[in-house]
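A.B. asks: The following file, model11.cif, comprises mmCIF, C-alpha atoms and all ligand atoms:
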data_query
loop_
_atom_site.label_atom_id
_atom_site.label_comp_id
_atom_site.auth_asym_id
_atom_site.auth_seq_id
_atom_site.Cartn_x
_atom_site.Cartn_y
_atom_site.Cartn_z
CA MET A 1 87.64 86.47 146.46
CA THR A 2 87.63 90.05 145.14
CA ARG A 3 89.96 90.47 142.23
CA THR A 4 92.85 92.86 142.70
CA VAL A 5 93.66 94.98 139.66
CA TYR A 6 96.39 97.49 138.87
CA VAL A 7 95.69 101.12 137.92
CA ASN A 8 98.46 103.69 137.48
CA GLY A 9 100.74 102.49 140.25
CA ASP A 10 98.12 101.15 142.67
CA TYR A 11 96.87 97.65 143.42
CA VAL A 12 93.18 98.00 144.28
CA PRO A 13 90.03 95.84 144.54
CA GLU A 14 88.35 95.82 141.12
CA GLY A 15 85.31 97.71 142.45
CA GLU A 16 87.50 100.61 143.56
CA ALA A 17 89.51 100.98 140.34
CA SER A 18 88.78 104.08 138.29
CA VAL A 19 89.95 105.94 135.20
CA SER A 20 88.93 109.45 134.08
CA ILE A 21 85.95 109.84 131.73
CA PHE A 22 88.33 112.00 129.65
CA ASP A 23 90.76 109.12 129.23
CA ARG A 24 91.62 108.87 125.52
CA GLY A 25 91.24 105.12 125.65
CA PHE A 26 87.58 105.66 126.54
CA LEU A 27 86.92 108.60 124.17
CA PHE A 28 89.02 107.65 121.11
CA ALA A 29 90.14 104.01 121.58
CA ASP A 30 93.57 105.70 121.77
CA GLY A 31 95.32 102.83 123.48
CA VAL A 32 97.03 99.50 122.99
CA TYR A 33 96.90 96.22 124.85
CA GLU A 34 98.45 92.80 125.37
CA VAL A 35 97.14 89.49 126.66
CA THR A 36 99.68 87.13 128.19
CA SER A 37 98.70 83.63 129.15
CA VAL A 38 99.51 82.14 132.55
CA LEU A 39 100.07 78.40 132.83
CA GLY A 40 101.03 76.75 136.09
CA GLY A 41 101.35 80.23 137.64
CA LYS A 42 103.96 81.30 135.07
CA LEU A 43 103.84 83.81 132.22
CA VAL A 44 104.05 82.40 128.70
CA ASP A 45 106.29 84.41 126.35
CA PHE A 46 106.26 87.56 128.48
CA ASP A 47 109.15 89.04 126.50
CA GLY A 48 107.40 88.51 123.17
CA HIS A 49 104.37 90.42 124.44
CA TRP A 50 106.60 93.12 125.93
CA ALA A 51 108.40 93.58 122.59
CA ARG A 52 105.11 93.85 120.69
CA LEU A 53 103.76 96.34 123.25
CA GLU A 54 106.84 98.53 122.75
CA ARG A 55 106.35 98.34 118.98
CA SER A 56 102.63 99.24 119.17
CA LEU A 57 103.44 102.21 121.42
CA THR A 58 106.24 103.41 119.13
CA GLU A 59 104.00 103.21 116.05
CA LEU A 60 101.48 105.47 117.84
CA GLU A 61 104.10 107.80 119.37
CA MET A 62 102.94 106.84 122.81
CA ARG A 63 105.05 106.60 125.95
CA ASN A 64 105.43 103.42 127.99
CA PRO A 65 104.85 104.39 131.63
CA VAL A 66 106.95 101.50 133.01
CA ASP A 67 110.06 99.57 132.01
CA ARG A 68 110.24 95.85 131.29
CA ASP A 69 111.21 94.79 134.80
CA GLU A 70 108.46 96.82 136.42
CA MET A 71 105.90 95.45 133.96
CA LEU A 72 107.04 91.91 134.76
CA ALA A 73 106.83 92.64 138.49
CA ILE A 74 103.24 93.94 138.11
CA HIS A 75 102.24 90.83 136.13
CA ARG A 76 103.75 88.57 138.78
CA GLU A 77 102.18 90.45 141.66
CA LEU A 78 98.70 90.23 140.11
CA VAL A 79 99.13 86.51 139.34
CA SER A 80 100.22 85.98 142.92
CA VAL A 81 97.59 88.06 144.80
CA ASN A 82 94.77 86.68 142.65
CA GLY A 83 96.01 83.10 143.00
CA ILE A 84 96.08 82.53 139.22
CA VAL A 85 97.30 79.08 138.20
CA ASP A 86 95.92 78.95 134.65
CA GLY A 87 94.60 82.20 133.22
CA ARG A 88 95.61 85.44 131.58
CA VAL A 89 96.99 88.86 132.36
CA TYR A 90 95.44 91.70 130.37
CA LEU A 91 97.33 94.99 130.10
CA GLN A 92 96.25 98.25 128.52
CA VAL A 93 98.16 101.47 127.96
CA THR A 94 96.30 104.57 126.78
CA ARG A 95 97.47 108.06 125.93
CA GLY A 96 95.91 109.19 129.21
CA SER A 97 93.63 112.11 129.94
CA ALA A 98 94.18 115.77 129.08
CA GLY A 99 91.08 116.66 131.12
CA ASP A 100 88.88 117.39 128.10
CA ARG A 101 87.98 116.03 124.65
CA ASP A 102 90.34 117.09 121.88
CA PHE A 103 91.29 115.07 118.78
CA ALA A 104 94.87 116.36 118.86
CA TYR A 105 97.23 114.39 121.07
CA PRO A 106 97.81 116.04 124.45
CA SER A 107 101.21 117.43 125.46
CA GLU A 108 104.13 115.08 126.04
CA ASP A 109 103.91 115.42 129.83
CA THR A 110 100.40 113.87 129.94
CA GLU A 111 100.74 110.65 131.91
CA PRO A 112 99.71 107.51 130.00
CA THR A 113 97.13 105.33 131.74
CA LEU A 114 98.26 101.82 132.64
CA VAL A 115 95.70 99.22 133.68
CA LEU A 116 96.21 95.49 134.25
CA PHE A 117 93.90 92.72 135.43
CA THR A 118 93.87 88.95 135.57
CA GLN A 119 91.34 86.41 134.31
CA ALA A 120 91.27 82.90 135.74
CA THR A 121 90.69 80.02 133.28
CA PRO A 122 90.94 76.90 135.45
CA GLY A 123 91.20 73.65 133.49
CA ILE A 124 91.70 75.46 130.16
CA LEU A 125 94.23 72.89 128.90
CA ASP A 126 91.68 70.09 129.27
CA ALA A 127 88.71 72.05 127.89
CA PRO A 128 86.58 69.77 125.64
CA ILE A 129 86.73 72.34 122.81
CA ALA A 130 90.40 71.44 122.23
CA GLN A 131 89.34 67.90 121.27
CA LYS A 132 86.14 68.91 119.53
CA GLY A 133 87.47 71.84 117.50
CA ILE A 134 85.80 75.15 116.73
CA ARG A 135 83.49 76.13 113.88
CA VAL A 136 83.84 79.44 112.04
CA ILE A 137 81.99 81.57 109.52
CA SER A 138 83.54 84.10 107.17
CA VAL A 139 82.81 87.83 107.38
CA ASP A 140 84.19 90.81 105.46
CA ASP A 141 87.18 92.39 107.17
CA LEU A 142 86.02 95.95 107.80
CA ARG A 143 88.75 96.95 110.27
CA TRP A 144 91.21 99.80 109.79
CA ALA A 145 94.37 99.28 107.75
CA ARG A 146 96.93 99.08 110.62
CA ARG A 147 96.00 95.76 112.21
CA ASP A 148 99.67 95.15 113.03
CA ILE A 149 99.22 97.61 115.91
CA LYS A 150 97.41 95.97 118.83
CA THR A 151 94.96 98.79 119.55
CA VAL A 152 91.87 98.61 121.73
CA GLN A 153 89.61 99.42 118.72
CA LEU A 154 87.90 96.05 118.98
CA LEU A 155 84.32 96.85 118.04
CA TYR A 156 84.50 95.16 114.65
CA PRO A 157 85.97 91.93 116.09
CA CYS A 158 83.15 92.04 118.67
CA MET A 159 80.65 92.34 115.80
CA GLY A 160 82.32 89.36 114.07
CA LYS A 161 82.01 87.36 117.27
CA MET A 162 78.31 88.25 117.49
CA ALA A 163 77.76 87.26 113.84
CA ALA A 164 79.37 83.90 114.68
CA LYS A 165 77.17 83.55 117.74
CA ALA A 166 74.05 84.34 115.71
CA ALA A 167 75.09 81.63 113.23
CA GLY A 168 75.51 79.15 116.10
CA VAL A 169 79.29 78.82 115.66
CA ASP A 170 82.38 79.82 117.63
CA ASP A 171 84.24 82.50 115.69
CA ALA A 172 84.54 84.42 112.44
CA TRP A 173 87.40 84.48 109.93
CA MET A 174 87.73 87.86 108.29
CA VAL A 175 88.17 88.10 104.53
CA GLU A 176 89.60 90.97 102.50
CA ASP A 177 90.04 91.00 98.70
CA GLY A 178 89.10 87.32 98.63
CA ALA A 179 91.74 86.18 101.16
CA VAL A 180 91.48 85.34 104.85
CA THR A 181 93.20 87.90 107.06
CA GLU A 182 92.71 86.44 110.57
CA GLY A 183 90.12 85.39 113.14
CA THR A 184 88.41 87.93 115.41
CA SER A 185 91.23 87.57 117.95
CA ASN A 186 93.57 84.94 116.53
CA ASN A 187 95.73 84.06 113.54
CA ALA A 188 94.36 81.62 110.95
CA TYR A 189 95.98 78.61 109.24
CA ILE A 190 95.14 75.76 106.89
CA VAL A 191 97.06 72.55 106.27
CA LYS A 192 97.16 71.06 102.76
CA ASP A 193 99.25 68.07 101.68
CA GLY A 194 101.38 68.42 104.82
CA ALA A 195 102.13 72.14 104.33
CA ILE A 196 101.05 74.69 106.95
CA VAL A 197 99.71 77.76 105.17
CA THR A 198 99.20 81.12 106.89
CA ARG A 199 99.06 84.72 105.71
CA ALA A 200 102.41 86.52 105.68
CA LEU A 201 102.99 89.38 108.14
CA SER A 202 102.11 92.88 106.95
CA HIS A 203 99.95 95.79 108.14
CA ASP A 204 96.93 93.54 107.38
CA ILE A 205 97.25 91.25 110.41
CA LEU A 206 98.56 91.19 113.94
CA ALA A 207 101.95 89.52 114.32
CA GLY A 208 100.79 86.91 116.82
CA ILE A 209 103.26 85.99 119.54
CA THR A 210 101.80 82.48 119.48
CA ARG A 211 102.12 82.48 115.66
CA ALA A 212 105.84 83.26 115.89
CA ALA A 213 106.42 80.46 118.41
CA VAL A 214 104.32 77.91 116.51
CA LEU A 215 106.02 78.63 113.17
CA ARG A 216 109.42 78.34 114.85
CA PHE A 217 108.49 74.98 116.37
CA ALA A 218 107.02 73.80 113.05
CA ASN A 219 110.27 74.67 111.26
CA GLU A 220 112.33 72.95 113.95
CA ALA A 221 110.16 69.84 113.54
CA GLN A 222 110.89 69.94 109.75
CA MET A 223 107.25 70.69 108.92
CA LYS A 224 106.69 72.69 105.75
CA VAL A 225 105.47 76.26 106.37
CA VAL A 226 104.24 78.50 103.55
CA GLU A 227 103.43 82.15 104.36
CA ARG A 228 100.90 83.25 101.74
CA ASP A 229 97.28 84.34 101.34
CA PHE A 230 94.58 81.65 101.25
CA THR A 231 90.86 81.75 100.46
CA ILE A 232 87.78 80.40 102.20
CA GLU A 233 87.37 77.94 99.29
CA GLU A 234 90.89 76.63 99.98
CA ALA A 235 90.04 76.32 103.66
CA LYS A 236 86.96 74.23 102.82
CA ALA A 237 89.14 71.91 100.69
CA ALA A 238 92.01 71.80 103.22
CA ASP A 239 93.03 68.71 105.18
CA GLU A 240 93.00 70.71 108.43
CA ALA A 241 92.64 74.21 109.76
CA PHE A 242 93.55 75.85 113.03
CA ILE A 243 94.01 79.14 114.87
CA THR A 244 96.59 80.41 117.33
CA SER A 245 96.40 82.98 120.11
CA ALA A 246 97.58 83.53 123.65
CA SER A 247 94.13 82.58 124.92
CA MET A 248 93.45 79.51 122.72
CA PHE A 249 97.08 78.33 122.12
CA VAL A 250 96.75 76.08 119.01
CA GLN A 251 93.11 75.23 118.40
CA GLY A 252 91.72 73.05 115.61
CA VAL A 253 89.03 74.52 113.30
CA VAL A 254 86.68 71.84 111.99
CA GLU A 255 84.12 73.75 109.95
CA VAL A 256 83.99 76.90 107.84
CA ASP A 257 80.76 78.41 106.51
CA GLY A 258 78.89 75.20 107.27
CA GLU A 259 81.33 72.85 105.49
CA ALA A 260 83.40 70.31 107.40
CA ILE A 261 87.17 70.57 107.05
CA GLY A 262 88.93 67.20 106.58
CA ASP A 263 87.07 64.61 108.63
CA GLY A 264 85.44 67.27 110.82
CA ARG A 265 87.82 66.75 113.75
CA PRO A 266 91.02 68.57 114.77
CA GLY A 267 93.74 67.12 112.55
CA PRO A 268 97.11 65.54 113.43
CA VAL A 269 99.21 68.56 112.44
CA SER A 270 97.31 71.00 114.66
CA GLN A 271 97.20 68.51 117.51
CA ARG A 272 100.93 67.90 117.29
CA LEU A 273 101.64 71.64 117.14
CA ARG A 274 99.44 72.20 120.18
CA GLU A 275 101.41 69.57 122.11
CA ILE A 276 104.78 70.99 121.08
CA TYR A 277 103.68 74.57 121.73
CA LEU A 278 102.42 73.83 125.23
CA GLU A 279 105.40 71.64 126.13
CA GLU A 280 108.04 74.08 124.87
CA SER A 281 106.29 77.22 126.15
CA LEU A 282 105.92 75.78 129.63
CA LYS A 283 109.64 74.98 129.75
CA VAL A 284 110.57 78.65 129.28
CA ALA A 285 107.61 80.35 131.01
CA ILE A 286 108.76 82.82 133.68
N1 LIG B 301 94.12 88.48 120.65
N2 LIG B 301 95.07 88.48 115.67
C1 LIG B 301 94.28 89.27 116.41
C2 LIG B 301 93.36 90.22 115.70
C3 LIG B 301 94.30 89.19 117.82
O1 LIG B 301 93.51 89.99 118.55
C4 LIG B 301 95.16 88.26 118.44
C5 LIG B 301 95.24 88.12 119.94
C6 LIG B 301 95.97 87.44 117.62
C7 LIG B 301 96.93 86.43 118.20
O2 LIG B 301 98.02 87.07 118.84
P1 LIG B 301 98.77 86.36 120.06
O3 LIG B 301 99.20 85.01 119.57
O4 LIG B 301 99.91 87.24 120.34
O5 LIG B 301 97.77 86.26 121.19
C8 LIG B 301 95.90 87.59 116.25
C9 LIG B 301 94.11 88.44 122.09
C10 LIG B 301 94.34 87.07 122.63
C11 LIG B 301 92.81 89.08 122.59
O6 LIG B 301 92.42 90.06 122.01
O7 LIG B 301 92.22 88.61 123.57
#
Show me the file's structure as structure tokens.
C.D. replies:
Amino acid sequence: MTRTVYVNGDYVPEGEASVSIFDRGFLFADGVYEVTSVLGGKLVDFDGHWARLERSLTELEMRNPVDRDEMLAIHRELVSVNGIVDGRVYLQVTRGSAGDRDFAYPSEDTEPTLVLFTQATPGILDAPIAQKGIRVISVDDLRWARRDIKTVQLLYPCMGKMAAKAAGVDDAWMVEDGAVTEGTSNNAYIVKDGAIVTRALSHDILAGITRAAVLRFANEAQMKVVERDFTIEEAKAADEAFITSASMFVQGVVEVDGEAIGDGRPGPVSQRLREIYLEESLKVAI
């Protein structure tokens, strides 16, 4: 089946979708994005992603071309026409095209570009990796200093992913001034003596929508949560480690820089959080 995608008001087969070569997303990475997971045909935490999109756009003085209800309708239409049961909806808003290359932002009346597409991930909840856990290496965090804005400047995370691949592992944790910031496309956590430790929110990391939900569920379940910096050495000595993201949910991390964490298997805290997260998120998915 040919995938149907959305481009600036139209639903078209993916092979017919097009955006100008002068689009600022293409020329300057002048755009933001969101990834919302779909489980059982429903959108997980749509409103969390919508709120973060609005924030990213505001921080960059960019206009949102649609309102919340229209964005939800586009998500639902794409999920429906593409027959997505388990998968993701990717959305991207750019500052549009002024018809030439100019570093200065174009005039206010330049239409932003809005693109959405779906990705199917059948069987993702039962993927063996969830039981096995992922392995990570550490790399220096060389990204820009406003990682709280979800921009499409993703070259450095791609390089981190390739460094991980070259090392024969699954992902990279980025380190700045001796402390872990986050994974290439996920938030990072360790568990020590029952406490869940994760970096506090700031301009240094993305405020994960999954992170917010998981920390809320952890607090509700009376688990101890500490928001502070942690080092790779601490991760090696931790009882458990895990990541969260809309695409991986809660995923155990079993090795960092070649050293096993805990007993080298996803630990009980991350497994319990994964269960709670999936159960509670599914209840309120729309
Ligand atoms: N990435 N940190 C970074 C750098 C990310 O790119 C992401 C998400 C997260 C987790 O955020 P959330 O829980 O809202 O997905 C943290 C998405 C999934 C991606 O780029 O594909």
A.B. asks: Restrict the calculation to only C-alpha atoms and all ligand atoms, then for each residue of chain A with any atom at most 9 Å from an atom of ligand LIG 301 (chain B) give the closest atom pair and their distance in Å to one decimal, rows by chain and rising residue number, as a Markdown table.
C.D. replies:
| residue | atom | partner | partner_atom | distance |
| --- | --- | --- | --- | --- |
| A:Tyr33 | CA | B:LIG301 | O6 | 8.1 |
| A:Glu34 | CA | B:LIG301 | C9 | 7.0 |
| A:Val35 | CA | B:LIG301 | C10 | 5.5 |
| A:Thr36 | CA | B:LIG301 | O5 | 7.3 |
| A:Ser37 | CA | B:LIG301 | O5 | 8.4 |
| A:Gly48 | CA | B:LIG301 | O4 | 8.1 |
| A:His49 | CA | B:LIG301 | O4 | 6.8 |
| A:Arg52 | CA | B:LIG301 | O4 | 8.4 |
| A:Tyr90 | CA | B:LIG301 | O7 | 8.1 |
| A:Arg147 | CA | B:LIG301 | C2 | 7.1 |
| A:Asp148 | CA | B:LIG301 | C2 | 8.4 |
| A:Lys150 | CA | B:LIG301 | O1 | 7.1 |
| A:Thr151 | CA | B:LIG301 | O1 | 9.0 |
| A:Val152 | CA | B:LIG301 | O6 | 8.6 |
| A:Leu154 | CA | B:LIG301 | O6 | 8.1 |
| A:Pro157 | CA | B:LIG301 | C2 | 7.6 |
| A:Thr181 | CA | B:LIG301 | N2 | 8.8 |
| A:Glu182 | CA | B:LIG301 | N2 | 6.0 |
| A:Gly183 | CA | B:LIG301 | C2 | 6.4 |
| A:Thr184 | CA | B:LIG301 | C2 | 5.5 |
| A:Ser185 | CA | B:LIG301 | O1 | 3.4 |
| A:Asn186 | CA | B:LIG301 | C8 | 3.5 |
| A:Asn187 | CA | B:LIG301 | C8 | 4.5 |
| A:Ala188 | CA | B:LIG301 | C8 | 8.1 |
| A:Ile205 | CA | B:LIG301 | N2 | 6.3 |
| A:Leu206 | CA | B:LIG301 | N2 | 4.7 |
| A:Ala207 | CA | B:LIG301 | O2 | 6.5 |
| A:Gly208 | CA | B:LIG301 | O2 | 3.4 |
| A:Ile209 | CA | B:LIG301 | O4 | 3.7 |
| A:Thr210 | CA | B:LIG301 | O3 | 3.6 |
| A:Arg211 | CA | B:LIG301 | O3 | 5.5 |
| A:Ala212 | CA | B:LIG301 | O3 | 7.8 |
| A:Ala213 | CA | B:LIG301 | O3 | 8.6 |
| A:Ile243 | CA | B:LIG301 | C7 | 8.5 |
| A:Thr244 | CA | B:LIG301 | O3 | 5.7 |
| A:Ser245 | CA | B:LIG301 | O3 | 3.5 |
| A:Ala246 | CA | B:LIG301 | O5 | 3.7 |
| A:Ser247 | CA | B:LIG301 | C10 | 5.0 |
| A:Met248 | CA | B:LIG301 | C10 | 7.6 |
| A:Phe249 | CA | B:LIG301 | O3 | 7.5 |
A.B. asks: With all atoms listed in the file as the atoms that count, which of A:Met1, A:Leu278, A:Ala166, A:Ile190 lies nearest to Val38 (chain A)?
C.D. replies: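 When distances to Val38 (chain A) are compared using all atoms listed in the file, the smallest one comes from A:Leu278.
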A.B. asks: I'd like to know which of A:Arg63, A:Arg228, A:Arg55, A:Arg24 is closest to Ala200 (chain A), using all atoms listed in the file.
C.D. replies: A:Arg228
A.B. asks: What lies within 10 Å of Arg143 (chain A) using all atoms listed in the file, ignoring chain neighbours under 2 positions off, as a PDB file with C-alpha atoms, keeping the file's coordinate frame?
C.D. replies:
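Written file, around04.pdb:
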ATOM      1  CA  ASP A 140      84.190  90.810 105.460  1.00  0.00           C
ATOM      2  CA  ASP A 141      87.180  92.390 107.170  1.00  0.00           C
ATOM      3  CA  ALA A 145      94.370  99.280 107.750  1.00  0.00           C
ATOM      4  CA  ARG A 146      96.930  99.080 110.620  1.00  0.00           C
ATOM      5  CA  ARG A 147      96.000  95.760 112.210  1.00  0.00           C
ATOM      6  CA  GLN A 153      89.610  99.420 118.720  1.00  0.00           C
ATOM      7  CA  LEU A 154      87.900  96.050 118.980  1.00  0.00           C
ATOM      8  CA  LEU A 155      84.320  96.850 118.040  1.00  0.00           C
ATOM      9  CA  TYR A 156      84.500  95.160 114.650  1.00  0.00           C
ATOM     10  CA  PRO A 157      85.970  91.930 116.090  1.00  0.00           C
ATOM     11  CA  MET A 174      87.730  87.860 108.290  1.00  0.00           C
ATOM     12  CA  GLU A 176      89.600  90.970 102.500  1.00  0.00           C
ATOM     13  CA  ASP A 204      96.930  93.540 107.380  1.00  0.00           C
TER      14      ASP A 204
END
A.B. asks: Between A:Gln92, A:Gln251, A:Ser18, A:Ser138, which one has atoms that come closest to Leu53 (chain A), using only C-alpha atoms?
C.D. replies: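 Looking only at the distances to Leu53 (chain A), the closest residue turns out to be A:Gln92.
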A.B. asks: Counting all atoms listed in the file, which residue out of A:Met62, A:Val12, A:Ala238, A:Val254 sits closest to Asp170 (chain A)?
C.D. replies: A:Val254
A.B. asks: Atoms are missing here; could region 145-155 of chain A be completed with all heavy atoms and written as a PDB file, in the frame of the given file?
C.D. replies:
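Below is the file result-v4.pdb, written as the result:
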ATOM      1  N   ALA A 145      93.296  99.874 108.552  1.00  0.00           N
ATOM      2  CA  ALA A 145      94.370  99.280 107.750  1.00  0.00           C
ATOM      3  C   ALA A 145      95.695  99.113 108.508  1.00  0.00           C
ATOM      4  O   ALA A 145      96.705  98.798 107.896  1.00  0.00           O
ATOM      5  CB  ALA A 145      94.579 100.117 106.497  1.00  0.00           C
ATOM      6  N   ARG A 146      95.705  99.296 109.837  1.00  0.00           N
ATOM      7  CA  ARG A 146      96.930  99.080 110.620  1.00  0.00           C
ATOM      8  C   ARG A 146      96.677  98.039 111.714  1.00  0.00           C
ATOM      9  O   ARG A 146      96.800  98.304 112.903  1.00  0.00           O
ATOM     10  CB  ARG A 146      97.427 100.392 111.227  1.00  0.00           C
ATOM     11  CG  ARG A 146      98.056 101.344 110.235  1.00  0.00           C
ATOM     12  CD  ARG A 146      99.239 100.746 109.459  1.00  0.00           C
ATOM     13  NE  ARG A 146     100.323 100.207 110.286  1.00  0.00           N
ATOM     14  CZ  ARG A 146     101.329 100.921 110.785  1.00  0.00           C
ATOM     15  NH1 ARG A 146     101.428 102.216 110.523  1.00  0.00           N
ATOM     16  NH2 ARG A 146     102.279 100.353 111.519  1.00  0.00           N
ATOM     17  N   ARG A 147      96.338  96.827 111.248  1.00  0.00           N
ATOM     18  CA  ARG A 147      96.000  95.760 112.210  1.00  0.00           C
ATOM     19  C   ARG A 147      97.239  95.167 112.865  1.00  0.00           C
ATOM     20  O   ARG A 147      97.121  94.310 113.731  1.00  0.00           O
ATOM     21  CB  ARG A 147      95.204  94.676 111.496  1.00  0.00           C
ATOM     22  CG  ARG A 147      93.981  95.238 110.829  1.00  0.00           C
ATOM     23  CD  ARG A 147      93.554  94.321 109.704  1.00  0.00           C
ATOM     24  NE  ARG A 147      92.616  95.019 108.855  1.00  0.00           N
ATOM     25  CZ  ARG A 147      92.437  94.738 107.564  1.00  0.00           C
ATOM     26  NH1 ARG A 147      93.132  93.774 106.986  1.00  0.00           N
ATOM     27  NH2 ARG A 147      91.571  95.411 106.852  1.00  0.00           N
ATOM     28  N   ASP A 148      98.422  95.612 112.395  1.00  0.00           N
ATOM     29  CA  ASP A 148      99.670  95.150 113.030  1.00  0.00           C
ATOM     30  C   ASP A 148      99.874  95.830 114.373  1.00  0.00           C
ATOM     31  O   ASP A 148     100.704  95.396 115.169  1.00  0.00           O
ATOM     32  CB  ASP A 148     100.864  95.449 112.110  1.00  0.00           C
ATOM     33  CG  ASP A 148     100.956  96.929 111.735  1.00  0.00           C
ATOM     34  OD1 ASP A 148      99.926  97.517 111.323  1.00  0.00           O
ATOM     35  OD2 ASP A 148     102.054  97.508 111.887  1.00  0.00           O
ATOM     36  N   ILE A 149      99.129  96.926 114.613  1.00  0.00           N
ATOM     37  CA  ILE A 149      99.220  97.610 115.910  1.00  0.00           C
ATOM     38  C   ILE A 149      98.088  97.078 116.787  1.00  0.00           C
ATOM     39  O   ILE A 149      96.925  97.069 116.362  1.00  0.00           O
ATOM     40  CB  ILE A 149      99.085  99.144 115.747  1.00  0.00           C
ATOM     41  CG1 ILE A 149     100.084  99.671 114.701  1.00  0.00           C
ATOM     42  CG2 ILE A 149      99.295  99.846 117.077  1.00  0.00           C
ATOM     43  CD1 ILE A 149      99.863 101.142 114.343  1.00  0.00           C
ATOM     44  N   LYS A 150      98.434  96.635 117.994  1.00  0.00           N
ATOM     45  CA  LYS A 150      97.410  95.970 118.830  1.00  0.00           C
ATOM     46  C   LYS A 150      96.617  97.019 119.594  1.00  0.00           C
ATOM     47  O   LYS A 150      96.804  97.209 120.805  1.00  0.00           O
ATOM     48  CB  LYS A 150      98.085  94.955 119.760  1.00  0.00           C
ATOM     49  CG  LYS A 150      97.119  93.907 120.298  1.00  0.00           C
ATOM     50  CD  LYS A 150      97.875  92.736 120.880  1.00  0.00           C
ATOM     51  CE  LYS A 150      96.991  91.772 121.639  1.00  0.00           C
ATOM     52  NZ  LYS A 150      95.920  91.160 120.873  1.00  0.00           N
ATOM     53  N   THR A 151      95.725  97.722 118.896  1.00  0.00           N
ATOM     54  CA  THR A 151      94.960  98.790 119.550  1.00  0.00           C
ATOM     55  C   THR A 151      93.693  98.210 120.194  1.00  0.00           C
ATOM     56  O   THR A 151      93.266  97.097 119.887  1.00  0.00           O
ATOM     57  CB  THR A 151      94.502  99.887 118.561  1.00  0.00           C
ATOM     58  OG1 THR A 151      93.417  99.380 117.793  1.00  0.00           O
ATOM     59  CG2 THR A 151      95.618 100.339 117.662  1.00  0.00           C
ATOM     60  N   VAL A 152      93.092  99.034 121.043  1.00  0.00           N
ATOM     61  CA  VAL A 152      91.870  98.610 121.730  1.00  0.00           C
ATOM     62  C   VAL A 152      90.604  98.908 120.894  1.00  0.00           C
ATOM     63  O   VAL A 152      89.493  98.820 121.399  1.00  0.00           O
ATOM     64  CB  VAL A 152      91.737  99.231 123.141  1.00  0.00           C
ATOM     65  CG1 VAL A 152      92.880  98.746 124.019  1.00  0.00           C
ATOM     66  CG2 VAL A 152      91.712 100.757 123.093  1.00  0.00           C
ATOM     67  N   GLN A 153      90.781  99.230 119.612  1.00  0.00           N
ATOM     68  CA  GLN A 153      89.610  99.420 118.720  1.00  0.00           C
ATOM     69  C   GLN A 153      89.088  98.038 118.349  1.00  0.00           C
ATOM     70  O   GLN A 153      89.422  97.512 117.285  1.00  0.00           O
ATOM     71  CB  GLN A 153      90.024 100.052 117.403  1.00  0.00           C
ATOM     72  CG  GLN A 153      90.730 101.353 117.453  1.00  0.00           C
ATOM     73  CD  GLN A 153      91.111 101.753 116.018  1.00  0.00           C
ATOM     74  OE1 GLN A 153      90.252 101.929 115.176  1.00  0.00           O
ATOM     75  NE2 GLN A 153      92.392 101.863 115.755  1.00  0.00           N
ATOM     76  N   LEU A 154      88.287  97.445 119.194  1.00  0.00           N
ATOM     77  CA  LEU A 154      87.900  96.050 118.980  1.00  0.00           C
ATOM     78  C   LEU A 154      86.422  95.877 118.671  1.00  0.00           C
ATOM     79  O   LEU A 154      85.900  94.762 118.759  1.00  0.00           O
ATOM     80  CB  LEU A 154      88.300  95.217 120.222  1.00  0.00           C
ATOM     81  CG  LEU A 154      89.822  95.121 120.427  1.00  0.00           C
ATOM     82  CD1 LEU A 154      90.144  94.470 121.764  1.00  0.00           C
ATOM     83  CD2 LEU A 154      90.481  94.344 119.308  1.00  0.00           C
ATOM     84  N   LEU A 155      85.754  96.979 118.293  1.00  0.00           N
ATOM     85  CA  LEU A 155      84.320  96.850 118.040  1.00  0.00           C
ATOM     86  C   LEU A 155      84.029  95.905 116.868  1.00  0.00           C
ATOM     87  O   LEU A 155      83.135  95.068 116.959  1.00  0.00           O
ATOM     88  CB  LEU A 155      83.702  98.235 117.790  1.00  0.00           C
ATOM     89  CG  LEU A 155      82.195  98.225 117.572  1.00  0.00           C
ATOM     90  CD1 LEU A 155      81.451  97.549 118.719  1.00  0.00           C
ATOM     91  CD2 LEU A 155      81.674  99.652 117.391  1.00  0.00           C
TER      92      LEU A 155
END
